[in-house]
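One file, my_file.txt, is given below (compact mmCIF, C-alpha atoms and all ligand atoms).
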```txt
# COMPACT_ATOMS: atom_id res chain seq x y z
CA MET A 34 0.00 0.00 0.00
CA SER A 35 1.30 3.47 -0.74
CA TYR A 36 0.12 7.06 -1.09
CA ARG A 37 -0.60 8.63 -4.45
CA ARG A 38 2.11 10.88 -5.84
CA PRO A 39 1.08 14.52 -6.40
CA TYR A 40 -0.91 15.50 -9.46
CA ARG A 41 1.12 17.49 -11.95
CA GLY A 42 1.30 21.19 -11.19
CA THR A 43 -0.46 20.98 -7.82
CA GLN A 44 2.57 20.91 -5.49
CA PRO A 45 5.52 23.34 -5.58
CA ASP A 46 9.08 22.52 -6.55
CA TYR A 47 11.84 23.32 -4.08
CA LEU A 48 13.56 25.84 -6.33
CA PHE A 49 11.25 28.73 -7.23
CA PRO A 50 13.36 31.87 -7.83
CA PRO A 51 10.45 34.36 -7.59
CA TYR A 52 10.49 33.38 -3.90
CA ALA A 53 14.07 34.48 -3.27
CA SER A 54 14.73 32.40 -0.13
CA THR A 55 14.39 29.17 -2.12
CA VAL A 56 17.59 29.88 -4.06
CA LYS A 57 20.04 29.07 -1.25
CA ARG A 58 17.87 26.49 0.47
CA ALA A 59 16.51 24.22 -2.28
CA PRO A 60 18.32 20.92 -2.84
CA SER A 61 20.37 20.84 -6.05
CA GLN A 62 21.07 17.10 -6.19
CA PRO A 63 18.47 14.68 -7.55
CA LEU A 64 15.94 13.48 -4.97
CA VAL A 65 15.91 9.75 -4.27
CA VAL A 66 12.47 8.25 -4.80
CA LEU A 67 11.40 6.77 -1.47
CA PRO A 68 9.24 3.65 -1.36
CA HIS A 69 6.43 3.98 1.19
CA THR A 70 7.51 1.55 3.88
CA LEU A 71 6.01 1.16 7.36
CA SER A 72 8.15 4.16 8.39
CA GLU A 73 6.37 6.40 5.88
CA LEU A 74 2.90 4.84 6.30
CA THR A 75 2.70 5.51 10.03
CA ALA A 76 2.56 8.79 11.97
CA PRO A 77 2.25 10.03 15.54
CA VAL A 78 -1.19 10.06 17.10
CA PHE A 79 -2.46 13.14 18.92
CA GLY A 80 -5.74 13.71 20.67
CA TYR A 81 -7.83 15.92 22.89
CA SER A 82 -5.48 15.26 25.80
CA ASP A 83 -2.68 17.05 23.96
CA ILE A 84 -4.52 20.39 23.80
CA ASN A 85 -6.83 22.54 25.91
CA PRO A 86 -10.50 22.70 24.94
CA ASP A 87 -10.32 26.46 24.31
CA ASP A 88 -7.10 26.39 22.27
CA ASN A 89 -9.23 26.94 19.17
CA ASP A 90 -10.35 30.40 20.30
CA LEU A 91 -7.56 32.90 19.65
CA THR A 92 -9.69 35.79 20.90
CA ARG A 93 -9.83 34.56 24.50
CA GLN A 94 -6.20 33.93 25.39
CA HIS A 95 -5.67 37.23 27.25
CA LYS A 96 -7.47 39.56 29.65
CA GLY A 97 -8.93 41.77 26.95
CA GLU A 98 -10.27 41.20 23.46
CA PRO A 99 -7.85 41.52 20.57
CA LEU A 100 -8.32 44.38 18.13
CA GLY A 101 -9.66 43.61 14.69
CA GLU A 102 -12.49 41.89 12.93
CA ARG A 103 -13.59 38.65 14.64
CA ILE A 104 -13.93 35.70 12.27
CA VAL A 105 -14.82 32.02 12.44
CA VAL A 106 -12.60 29.77 10.34
CA SER A 107 -13.89 26.23 9.93
CA GLY A 108 -13.86 23.38 7.49
CA ARG A 109 -13.30 19.69 6.91
CA VAL A 110 -10.16 17.66 6.49
CA LEU A 111 -10.54 14.85 3.95
CA ASP A 112 -8.14 12.63 2.08
CA GLU A 113 -8.01 12.43 -1.71
CA ASN A 114 -10.45 9.53 -1.54
CA SER A 115 -13.02 11.82 0.18
CA ARG A 116 -12.61 10.02 3.51
CA PRO A 117 -13.02 12.40 6.49
CA LEU A 118 -9.95 12.37 8.72
CA GLU A 119 -10.82 12.20 12.40
CA GLY A 120 -8.59 13.00 15.34
CA LEU A 121 -6.00 15.05 13.47
CA LEU A 122 -4.07 17.78 15.22
CA ILE A 123 -4.25 21.16 13.45
CA GLU A 124 -1.95 23.99 14.54
CA ILE A 125 -2.44 27.53 13.23
CA TRP A 126 -0.56 30.80 13.60
CA GLN A 127 -1.04 34.26 12.15
CA ALA A 128 -0.29 37.99 12.30
CA ASN A 129 -2.52 40.34 14.29
CA ALA A 130 -5.06 42.70 12.72
CA ALA A 131 -2.31 45.25 11.99
CA GLY A 132 -0.18 42.71 10.12
CA ARG A 133 2.37 42.20 12.90
CA TYR A 134 3.57 38.85 14.25
CA ASN A 135 4.23 38.40 17.94
CA HIS A 136 7.81 37.27 17.15
CA ARG A 137 11.21 38.87 17.76
CA VAL A 138 12.20 38.58 14.09
CA ASP A 139 9.22 40.62 12.87
CA GLN A 140 10.40 44.25 12.60
CA HIS A 141 7.37 45.55 10.71
CA ASP A 142 6.45 49.00 11.99
CA ALA A 143 2.92 48.07 13.04
CA PRO A 144 1.65 47.74 16.60
CA LEU A 145 1.69 44.55 18.60
CA ASP A 146 -1.58 43.69 20.32
CA PRO A 147 -1.14 42.69 23.97
CA ASN A 148 -4.36 40.71 23.72
CA PHE A 149 -3.34 38.61 20.74
CA THR A 150 -0.71 35.87 20.51
CA GLY A 151 -1.87 34.43 17.21
CA ALA A 152 -1.56 30.68 17.85
CA GLY A 153 -4.33 28.08 17.98
CA ARG A 154 -4.88 24.33 18.00
CA ALA A 155 -7.76 21.97 17.30
CA ILE A 156 -8.51 18.28 16.80
CA THR A 157 -10.79 17.20 13.94
CA ASN A 158 -14.04 15.44 14.88
CA SER A 159 -15.56 12.28 13.44
CA GLU A 160 -16.61 14.14 10.27
CA GLY A 161 -13.15 15.65 9.88
CA ARG A 162 -14.43 19.05 11.00
CA TYR A 163 -12.48 21.74 12.84
CA ARG A 164 -13.34 25.27 13.94
CA PHE A 165 -11.31 28.29 15.07
CA VAL A 166 -12.42 31.69 16.33
CA THR A 167 -9.85 34.39 15.62
CA ILE A 168 -9.45 37.85 14.11
CA ARG A 169 -8.77 38.61 10.47
CA PRO A 170 -4.99 38.90 10.05
CA GLY A 171 -3.55 42.00 8.40
CA GLU A 172 -1.45 42.09 5.25
CA TYR A 173 2.22 42.80 5.86
CA PRO A 174 5.34 43.84 3.89
CA TRP A 175 8.34 41.56 3.33
CA ARG A 176 11.65 41.97 1.59
CA ASN A 177 11.33 39.43 -1.21
CA HIS A 178 11.17 42.06 -3.97
CA TYR A 179 10.42 45.78 -4.33
CA ASN A 180 7.21 46.76 -2.53
CA ALA A 181 6.37 43.15 -1.66
CA TRP A 182 3.32 42.54 0.54
CA ARG A 183 1.94 39.23 1.73
CA PRO A 184 -1.81 38.81 1.25
CA ALA A 185 -3.72 38.19 4.48
CA HIS A 186 -3.22 34.55 5.47
CA ILE A 187 -3.31 32.02 8.29
CA HIS A 188 -0.62 29.32 8.56
CA PHE A 189 -1.97 25.76 8.96
CA SER A 190 0.00 22.69 10.07
CA LEU A 191 -1.60 19.22 9.93
CA PHE A 192 -0.59 15.72 10.86
CA GLY A 193 -2.25 13.00 8.86
CA PRO A 194 -2.44 9.22 9.18
CA ALA A 195 1.04 8.83 7.65
CA ILE A 196 4.31 10.75 7.67
CA VAL A 197 3.93 11.32 3.92
CA THR A 198 0.60 13.12 4.49
CA ARG A 199 2.14 15.77 6.79
CA LEU A 200 1.11 19.17 5.42
CA ILE A 201 1.92 22.79 6.17
CA THR A 202 -0.02 25.30 4.13
CA GLN A 203 -1.53 28.79 4.22
CA MET A 204 -5.16 29.87 4.01
CA TYR A 205 -6.02 33.06 2.11
CA PHE A 206 -9.12 35.26 1.96
CA PRO A 207 -11.44 35.74 -1.03
CA GLY A 208 -11.00 38.84 -3.14
CA ASP A 209 -7.56 39.79 -1.80
CA PRO A 210 -5.92 42.02 -4.47
CA LEU A 211 -2.42 40.98 -3.32
CA LEU A 212 -2.83 37.32 -4.24
CA GLU A 213 -1.76 37.63 -7.87
CA TYR A 214 1.49 39.37 -6.86
CA ASP A 215 2.41 36.85 -4.17
CA PRO A 216 5.09 34.30 -5.14
CA MET A 217 3.87 31.88 -2.48
CA PHE A 218 0.29 31.85 -3.70
CA THR A 219 1.51 31.59 -7.31
CA CYS A 220 4.14 28.90 -6.60
CA VAL A 221 2.24 26.20 -8.51
CA PRO A 222 1.14 26.40 -12.16
CA ASP A 223 -2.26 24.74 -11.59
CA GLU A 224 -4.69 27.61 -11.10
CA LYS A 225 -7.37 25.41 -9.54
CA ALA A 226 -4.88 24.17 -6.97
CA ARG A 227 -3.98 27.76 -6.08
CA ASN A 228 -7.58 28.76 -5.74
CA ARG A 229 -8.22 25.94 -3.29
CA LEU A 230 -5.95 27.84 -0.88
CA ILE A 231 -8.53 30.64 -0.76
CA SER A 232 -11.21 30.27 1.89
CA LEU A 233 -14.84 30.91 1.02
CA PHE A 234 -17.13 33.31 2.80
CA ASP A 235 -19.59 31.10 4.66
CA TRP A 236 -23.04 32.35 5.58
CA GLU A 237 -23.79 29.17 7.57
CA THR A 238 -21.00 29.69 10.12
CA THR A 239 -21.35 33.46 10.27
CA ILE A 240 -22.57 34.45 13.75
CA PRO A 241 -25.15 37.27 13.70
CA GLU A 242 -23.82 40.53 15.12
CA HIS A 243 -20.57 38.84 16.12
CA ALA A 244 -18.30 37.29 13.46
CA LEU A 245 -18.05 36.50 9.76
CA GLY A 246 -17.51 32.86 8.81
CA TYR A 247 -14.92 31.53 6.38
CA ARG A 248 -14.73 27.94 5.21
CA PHE A 249 -11.42 26.28 4.39
CA ASP A 250 -11.47 22.59 3.49
CA ILE A 251 -8.14 20.77 3.45
CA VAL A 252 -7.27 17.62 1.52
CA LEU A 253 -4.41 15.32 2.52
CA ARG A 254 -2.83 12.76 0.21
CA GLY A 255 -4.86 9.57 -0.24
CA ARG A 256 -3.86 5.96 -0.71
CA GLU A 257 -3.51 4.49 -4.17
CA ALA A 258 -6.68 2.74 -5.30
CA THR A 259 -4.67 -0.33 -6.22
CA PRO A 260 -1.70 -1.46 -4.15
CA MET A 261 1.56 -0.56 -5.88
CA GLU A 262 3.68 -2.93 -3.85
CA THR A 263 4.79 -6.12 -5.47
CA PRO A 264 3.42 -9.21 -3.72
CA ARG A 265 5.47 -10.53 -0.84
CA MET B 64 -11.58 9.44 -5.45
CA SER B 65 -11.29 12.73 -7.25
CA LEU B 66 -10.02 15.21 -4.67
CA ARG B 67 -6.51 16.61 -4.91
CA ALA B 68 -4.20 17.25 -2.01
CA THR B 69 -4.00 20.85 -0.83
CA THR B 70 -0.94 22.72 -2.11
CA SER B 71 1.92 22.94 0.36
CA GLN B 72 3.11 26.40 1.43
CA THR B 73 6.19 27.50 3.32
CA ILE B 74 6.22 27.46 7.12
CA GLY B 75 7.67 31.00 6.91
CA PRO B 76 9.88 32.74 9.47
CA TYR B 77 7.34 32.89 12.31
CA LEU B 78 6.91 29.17 12.94
CA ARG B 79 7.74 29.50 16.64
CA ILE B 80 4.41 31.19 17.30
CA GLY B 81 2.51 28.12 16.17
CA LEU B 82 4.86 25.24 16.87
CA GLU B 83 6.88 26.07 19.97
CA TRP B 84 4.23 24.82 22.42
CA MET B 85 4.96 21.24 21.35
CA VAL B 86 8.74 21.15 21.17
CA ILE B 87 9.72 17.60 22.16
CA GLU B 88 13.47 17.13 22.32
CA ASP B 89 13.39 14.37 24.92
CA LEU B 90 11.38 11.50 23.45
CA ALA B 91 12.15 8.75 25.91
CA PRO B 92 11.43 9.39 29.59
CA GLN B 93 13.04 7.13 32.18
CA GLY B 94 11.87 3.58 31.97
CA VAL B 95 11.53 3.41 28.19
CA PRO B 96 13.57 0.38 27.13
CA GLY B 97 16.34 0.72 24.57
CA GLU B 98 19.80 2.10 24.00
CA ARG B 99 19.86 5.81 24.94
CA VAL B 100 21.13 8.11 22.20
CA ARG B 101 21.59 11.84 21.82
CA ILE B 102 21.29 13.08 18.24
CA GLU B 103 22.59 16.57 17.57
CA GLY B 104 23.21 18.51 14.40
CA ARG B 105 23.23 21.72 12.50
CA ILE B 106 21.52 22.89 9.32
CA VAL B 107 23.40 25.04 6.82
CA ASP B 108 22.40 26.57 3.50
CA ALA B 109 24.24 26.73 0.16
CA ASP B 110 26.70 29.30 1.59
CA GLY B 111 27.34 27.29 4.74
CA LYS B 112 25.29 29.78 6.75
CA PRO B 113 23.36 28.32 9.70
CA VAL B 114 19.60 28.05 9.30
CA ASN B 115 18.16 29.52 12.47
CA ASP B 116 14.47 29.20 11.59
CA ALA B 117 13.89 25.52 10.82
CA ALA B 118 11.58 22.97 12.42
CA VAL B 119 13.05 19.48 12.55
CA GLU B 120 10.62 16.65 13.27
CA ILE B 121 11.57 13.03 13.83
CA TRP B 122 9.50 9.87 13.83
CA GLN B 123 10.73 6.46 14.86
CA ALA B 124 9.82 2.99 16.04
CA ASN B 125 10.46 1.86 19.62
CA SER B 126 13.29 -0.52 20.51
CA HIS B 127 11.08 -3.48 19.50
CA GLY B 128 10.61 -2.10 16.00
CA LYS B 129 6.98 -1.08 16.62
CA TYR B 130 5.50 2.30 15.67
CA ALA B 131 3.00 3.92 18.06
CA SER B 132 0.54 4.33 15.19
CA ALA B 133 -2.79 2.71 14.35
CA GLU B 134 -1.32 1.99 10.93
CA ASP B 135 1.26 -0.41 12.39
CA ALA B 136 -0.42 -3.83 12.63
CA GLN B 137 2.65 -5.72 13.90
CA SER B 138 2.23 -7.71 17.10
CA ASN B 139 5.47 -6.60 18.80
CA PRO B 140 4.89 -4.57 21.97
CA LEU B 141 4.23 -0.84 22.38
CA ASP B 142 5.90 1.14 25.16
CA SER B 143 3.12 3.13 26.78
CA VAL B 144 5.05 6.38 27.30
CA PHE B 145 7.01 6.33 24.06
CA ARG B 146 5.26 8.15 21.21
CA GLY B 147 8.26 8.17 18.88
CA TYR B 148 7.72 11.76 17.75
CA GLY B 149 10.13 14.65 18.33
CA ARG B 150 10.20 18.31 17.30
CA SER B 151 13.16 20.67 17.65
CA LEU B 152 13.34 24.28 16.41
CA THR B 153 16.83 25.34 15.37
CA ASP B 154 18.63 27.96 17.48
CA ASP B 155 20.69 30.94 16.28
CA ALA B 156 23.58 28.66 15.37
CA GLY B 157 21.30 26.38 13.32
CA ASN B 158 21.43 23.58 15.90
CA PHE B 159 18.77 21.03 16.77
CA ARG B 160 18.91 18.21 19.31
CA PHE B 161 17.07 15.08 20.45
CA ARG B 162 17.41 12.57 23.27
CA THR B 163 15.81 9.29 22.38
CA ILE B 164 16.40 5.55 22.12
CA LYS B 165 17.79 3.69 19.15
CA PRO B 166 14.82 2.25 17.24
CA GLY B 167 14.49 -1.43 16.44
CA ARG B 168 14.35 -2.78 12.92
CA VAL B 169 11.10 -2.54 10.97
CA PRO B 170 9.90 -4.33 7.85
CA GLY B 171 10.78 -2.93 4.42
CA PRO B 172 9.48 -3.63 0.92
CA GLU B 173 9.27 -7.16 -0.48
CA GLY B 174 9.93 -9.04 2.72
CA SER B 175 13.11 -7.14 3.56
CA THR B 176 14.01 -5.74 6.97
CA GLN B 177 15.21 -2.16 7.33
CA ALA B 178 18.21 -1.11 9.38
CA PRO B 179 17.43 1.01 12.46
CA HIS B 180 16.60 4.51 11.27
CA VAL B 181 14.80 7.70 12.24
CA THR B 182 12.55 9.50 9.76
CA VAL B 183 13.25 13.25 9.52
CA THR B 184 10.94 15.98 8.21
CA ILE B 185 12.34 19.51 7.88
CA PHE B 186 10.40 22.75 7.40
CA MET B 187 11.81 26.26 7.01
CA ARG B 188 11.40 29.62 5.33
CA GLY B 189 12.56 29.15 1.74
CA LEU B 190 11.07 25.65 1.49
CA LEU B 191 7.68 25.59 -0.19
CA LYS B 192 7.30 21.99 1.00
CA GLN B 193 9.07 19.88 3.59
CA LEU B 194 12.29 17.99 3.06
CA GLN B 195 12.15 14.30 3.90
CA THR B 196 15.27 12.41 4.92
CA ARG B 197 16.50 9.70 7.33
CA ILE B 198 19.10 9.17 10.03
CA TYR B 199 20.91 5.81 10.20
CA PHE B 200 23.39 4.72 12.87
CA ALA B 201 27.11 4.37 12.18
CA ASP B 202 28.64 0.91 12.52
CA ASP B 203 25.30 -0.89 12.47
CA PRO B 204 25.90 -4.00 10.36
CA ALA B 205 22.26 -3.90 9.18
CA ASN B 206 23.03 -0.77 7.15
CA ALA B 207 24.67 -3.00 4.55
CA GLU B 208 21.35 -4.69 3.77
CA ASP B 209 18.99 -1.74 4.19
CA PRO B 210 16.62 -1.51 1.19
CA VAL B 211 16.36 2.29 1.27
CA LEU B 212 20.08 3.00 1.69
CA ALA B 213 20.56 0.68 -1.28
CA LEU B 214 18.63 3.19 -3.44
CA VAL B 215 21.10 5.97 -2.57
CA PRO B 216 24.32 6.41 -4.60
CA VAL B 217 27.18 4.94 -2.53
CA GLU B 218 29.13 8.19 -2.34
CA ARG B 219 26.12 10.07 -0.90
CA ARG B 220 25.17 7.48 1.76
CA PRO B 221 27.40 8.97 4.47
CA THR B 222 25.11 12.04 4.58
CA LEU B 223 22.41 9.81 6.09
CA ILE B 224 24.56 8.28 8.81
CA ALA B 225 24.97 9.81 12.28
CA LYS B 226 28.50 9.55 13.64
CA LYS B 227 29.55 9.13 17.23
CA ARG B 228 31.38 12.12 18.69
CA ALA B 229 33.97 12.06 21.47
CA ASP B 230 31.32 13.32 23.92
CA GLY B 231 29.08 10.36 23.12
CA ALA B 232 26.45 12.25 21.11
CA LEU B 233 25.57 11.17 17.59
CA GLU B 234 26.23 13.97 15.14
CA TRP B 235 24.08 14.32 12.05
CA ASN B 236 24.24 17.55 10.04
CA VAL B 237 22.07 18.80 7.21
CA VAL B 238 23.59 20.51 4.18
CA LEU B 239 20.74 21.94 2.12
CA GLN B 240 22.65 22.51 -1.07
CA GLY B 241 26.08 22.08 -2.64
CA ARG B 242 29.10 20.01 -1.66
CA ASN B 243 28.15 17.13 0.66
CA GLU B 244 24.49 17.96 0.15
CA THR B 245 22.32 15.75 2.34
CA VAL B 246 20.27 13.12 0.54
CA PHE B 247 16.61 14.15 0.42
CA PHE B 248 13.82 11.87 -0.69
CA ASP B 249 11.02 12.30 -3.17
CA PHE B 250 8.26 11.02 -0.92
FE FE A 301 2.90 34.57 7.43
```
Spit out the file's structure as structure tokens when you get a sec.
Ligand SMILES: [Fe+2]
Amino acid sequence: MSYRRPYRGTQPDYLFPPYASTVKRAPSQPLVVLPHTLSELTAPVFGYSDINPDDNDLTRQHKGEPLGERIVVSGRVLDENSRPLEGLLIEIWQANAAGRYNHRVDQHDAPLDPNFTGAGRAITNSEGRYRFVTIRPGEYPWRNHYNAWRPAHIHFSLFGPAIVTRLITQMYFPGDPLLEYDPMFTCVPDEKARNRLISLFDWETTIPEHALGYRFDIVLRGREATPMETPR
Amino acid sequence: MSLRATTSQTIGPYLRIGLEWMVIEDLAPQGVPGERVRIEGRIVDADGKPVNDAAVEIWQANSHGKYASAEDAQSNPLDSVFRGYGRSLTDDAGNFRFRTIKPGRVPGPEGSTQAPHVTVTIFMRGLLKQLQTRIYFADDPANAEDPVLALVPVERRPTLIAKKRADGALEWNVVLQGRNETVFFDF
């Protein structure tokens, strides 16, 4: 049994010069194709005991409320075979409403918010669903090229059922004018794949007089329909 | 059947905000059976500059060759307090570190048995997707018959093997690009 290799154009290469940091960090030697052995087909198991029940609410981690627009970010985690993935640990982190990260390396001249750390965690339920309450992150400048700005985004980290399904990605917001200029968003040629990184405004999860809802579904690699391994 | 995996994106420079709460550099509390090992190393880029913003994650079997995962159907025993997962965030000098136990051997393809190894996943700014590699143990006779090492050109195999230092730690460094570039896998 093994996991399906990526569809053409849907996953980035290591070297992508428009994103300048890849130039000195991408491997230059050929990759060695790894068979999916037990070591690749297994992965650590996390659960509700690893997190606190309110870790998914980034607006209630301090005495006061963070500044900015409250939002609900929710969705489902499925594999490529449409199977919901239960019990997965999701970790998120993001900038505050002003586009500033609570991190010593971030020198952007925008205010920190004492009521916002910007980190959250959740475990998917039996339908693969997760839900976070947070504030809409601000756009921020970076030094990749002249006048470079990152579109608003939330970083997502997921563990799947196997080491080869481990995924770190970023969620974007619909209608962001910065997307087409962003070398991370445009790092793959497949336009449909890019667009799946954009969350959808979601009326269903919008809370009246409180918070707008955004839906972001995530798909992890799925197993091959037919076993690729040669018989033992 | 028809869905496609979400596109990977870089972890970026601010990974500590999201990942630091679960740094696990000591995988094997007292009482976990197995040979105790310290694995330490450094990550450098194409210019030999240390990478101070990487996340290094390891995954390994216990000393009986059993993974603490529902996907491992073998009957050999689990160790209740050994999860087999570690996470270290590199410091200003590009260093990461783990204290663990040497894993047992696990099955490989086509009825083979793999040499003891640790699976390594590396994320950092400048990587749009993770790097996947492995750590093997110097002087283990099983390395000679390992089915994955056998896929690696002979002259590049030493990049996957941790070497014992005078202080007893096992040293395993990562060179992202250039001379002595570490072997990375297409996974
Ligand atoms: Fe970011």
Using all atoms listed in the file, find each protein or nucleic acid residue lying at most 9 Å from ligand FE 301 (chain A); present the set as an mmCIF file with C-alpha atoms, keeping the file's coordinate frame.
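Contents of selection_21.cif, as written:
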```cif
data_model
loop_
_atom_site.group_PDB
_atom_site.id
_atom_site.type_symbol
_atom_site.label_atom_id
_atom_site.label_comp_id
_atom_site.auth_asym_id
_atom_site.auth_seq_id
_atom_site.Cartn_x
_atom_site.Cartn_y
_atom_site.Cartn_z
ATOM 1 C CA TRP A 126 -0.560 30.800 13.600
ATOM 2 C CA GLN A 127 -1.040 34.260 12.150
ATOM 3 C CA ALA A 128 -0.290 37.990 12.300
ATOM 4 C CA TYR A 134 3.570 38.850 14.250
ATOM 5 C CA GLU A 172 -1.450 42.090 5.250
ATOM 6 C CA TYR A 173 2.220 42.800 5.860
ATOM 7 C CA ARG A 183 1.940 39.230 1.730
ATOM 8 C CA PRO A 184 -1.810 38.810 1.250
ATOM 9 C CA ALA A 185 -3.720 38.190 4.480
ATOM 10 C CA HIS A 186 -3.220 34.550 5.470
ATOM 11 C CA ILE A 187 -3.310 32.020 8.290
ATOM 12 C CA HIS A 188 -0.620 29.320 8.560
ATOM 13 C CA GLN A 203 -1.530 28.790 4.220
ATOM 14 C CA THR B 73 6.190 27.500 3.320
ATOM 15 C CA ILE B 74 6.220 27.460 7.120
ATOM 16 C CA GLY B 75 7.670 31.000 6.910
ATOM 17 C CA PRO B 76 9.880 32.740 9.470
ATOM 18 C CA TYR B 77 7.340 32.890 12.310
ATOM 19 C CA LEU B 78 6.910 29.170 12.940
#
```
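Going from CA of Asp235 in chain A over to CA of Ile125 in chain A, you cover 19.5 Å.
With CA of Ala68 in chain B on one side and CA of Phe218 in chain A on the other, the separation reads 15.4 Å.
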Hey, which bits of chain B sit within 8 Å of chain A, and for each residue what's the closest pair of atoms and how far apart in Å (one decimal), counting only C-alpha atoms, rows by chain and increasing number, as a Markdown table?
```
| residue | atom | partner | partner_atom | distance |
| --- | --- | --- | --- | --- |
| B:Met64 | CA | A:Asn114 | CA | 4.1 |
| B:Ser65 | CA | A:Glu113 | CA | 6.4 |
| B:Leu66 | CA | A:Glu113 | CA | 4.5 |
| B:Arg67 | CA | A:Glu113 | CA | 5.5 |
| B:Ala68 | CA | A:Val252 | CA | 4.7 |
| B:Thr69 | CA | A:Val252 | CA | 5.2 |
| B:Thr70 | CA | A:Gln44 | CA | 5.2 |
| B:Ser71 | CA | A:Thr202 | CA | 4.9 |
| B:Gln72 | CA | A:Thr202 | CA | 4.3 |
| B:Thr73 | CA | A:Thr202 | CA | 6.6 |
| B:Ile74 | CA | A:Ile201 | CA | 6.4 |
| B:Pro76 | CA | A:Val138 | CA | 7.8 |
| B:Tyr77 | CA | A:His136 | CA | 6.5 |
| B:Leu78 | CA | A:Trp126 | CA | 7.7 |
| B:Arg79 | CA | A:His136 | CA | 7.8 |
| B:Ile80 | CA | A:Ala152 | CA | 6.0 |
| B:Gly81 | CA | A:Trp126 | CA | 4.8 |
| B:Leu82 | CA | A:Glu124 | CA | 7.3 |
| B:Asp108 | CA | A:Arg58 | CA | 5.5 |
| B:Ala109 | CA | A:Lys57 | CA | 5.0 |
| B:Asp110 | CA | A:Lys57 | CA | 7.2 |
| B:Trp122 | CA | A:Ala76 | CA | 7.3 |
| B:Gln123 | CA | A:Ser72 | CA | 7.3 |
| B:Ala124 | CA | A:Ser72 | CA | 7.9 |
| B:Tyr130 | CA | A:Thr75 | CA | 7.1 |
| B:Ala131 | CA | A:Pro77 | CA | 6.7 |
| B:Ser132 | CA | A:Thr75 | CA | 5.7 |
| B:Ala133 | CA | A:Thr75 | CA | 7.5 |
| B:Glu134 | CA | A:Thr75 | CA | 5.4 |
| B:Asp135 | CA | A:Thr75 | CA | 6.5 |
| B:Arg146 | CA | A:Pro77 | CA | 6.7 |
| B:Gly147 | CA | A:Pro77 | CA | 7.1 |
| B:Tyr148 | CA | A:Pro77 | CA | 6.1 |
| B:Val169 | CA | A:Leu71 | CA | 7.3 |
| B:Pro170 | CA | A:Leu71 | CA | 6.7 |
| B:Gly171 | CA | A:Thr70 | CA | 5.6 |
| B:Pro172 | CA | A:Thr70 | CA | 6.3 |
| B:Glu173 | CA | A:Arg265 | CA | 5.1 |
| B:Gly174 | CA | A:Arg265 | CA | 5.9 |
| B:Thr182 | CA | A:Ser72 | CA | 7.1 |
| B:Arg188 | CA | A:Ser54 | CA | 7.0 |
| B:Gly189 | CA | A:Thr55 | CA | 4.3 |
| B:Leu190 | CA | A:Thr55 | CA | 6.0 |
| B:Leu191 | CA | A:Tyr47 | CA | 6.1 |
| B:Lys192 | CA | A:Tyr47 | CA | 6.9 |
| B:Val211 | CA | A:Leu67 | CA | 7.2 |
| B:Leu214 | CA | A:Val65 | CA | 7.1 |
| B:Val215 | CA | A:Val65 | CA | 6.6 |
| B:Leu239 | CA | A:Pro60 | CA | 5.6 |
| B:Gln240 | CA | A:Pro60 | CA | 4.9 |
| B:Gly241 | CA | A:Ser61 | CA | 6.8 |
| B:Glu244 | CA | A:Gln62 | CA | 7.3 |
| B:Val246 | CA | A:Leu64 | CA | 7.0 |
| B:Phe247 | CA | A:Leu64 | CA | 5.5 |
| B:Phe248 | CA | A:Val65 | CA | 4.7 |
| B:Asp249 | CA | A:Val66 | CA | 4.6 |
| B:Phe250 | CA | A:Leu67 | CA | 5.3 |
```
Here CA of Lys112 in chain B and CA of Asp202 in chain B stand apart by 29.6 Å
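The protein and nucleic acid residues lying at most 10 Å from range 204-207 of chain B are B:Arg168, B:Thr176, B:Gln177, B:Ala178, B:Pro179, B:His180, B:Ala213, B:Ile224, with all atoms listed in the file considered and sequence neighbours fewer than 6 positions away removed.
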Just C-alpha atoms for this one: save the residues we selected as a tab-separated table (two decimals), in the frame of the given file.
```
chain	number	residue	atom	x	y	z
B	168	ARG	CA	14.35	-2.78	12.92
B	176	THR	CA	14.01	-5.74	6.97
B	177	GLN	CA	15.21	-2.16	7.33
B	178	ALA	CA	18.21	-1.11	9.38
B	179	PRO	CA	17.43	1.01	12.46
B	180	HIS	CA	16.60	4.51	11.27
B	213	ALA	CA	20.56	0.68	-1.28
B	224	ILE	CA	24.56	8.28	8.81
```
List as a PyMOL selection string the protein and nucleic acid residues near Asn243 in chain B, meaning an atom at most 10 Å away when only C-alpha atoms are counted, but skip any in the same chain fewer than 5 places from it. (chain A and resi 62) or (chain B and resi 218-219+221-222+237-238)
With a distance cut-off of 7 Å and only C-alpha atoms, select the neighbouring residues of Arg105 in chain B, excluding the residue or stretch itself and same-chain residues fewer than 5 positions from it, and output the selection as a count of residues only. 5
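Residues with any atom within 7 Å of the point (13.0, 0.1, 25.7), counting all atoms listed in the file, are Val95, Pro96, Gly97, Asn125 and Ser126 of chain B.
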Nearby residues (only C-alpha atoms) at most 8 Å from Arg109 in chain A, same-chain spacing under 2 positions excluded, as a PyMOL selection string: chain A and resi 107+111+117+157+160-163+249-251
Option closest in space to Asp89 in chain B, from B:Ala117, B:Leu141, B:Arg150, B:Arg162 [counting only C-alpha atoms]: B:Arg162
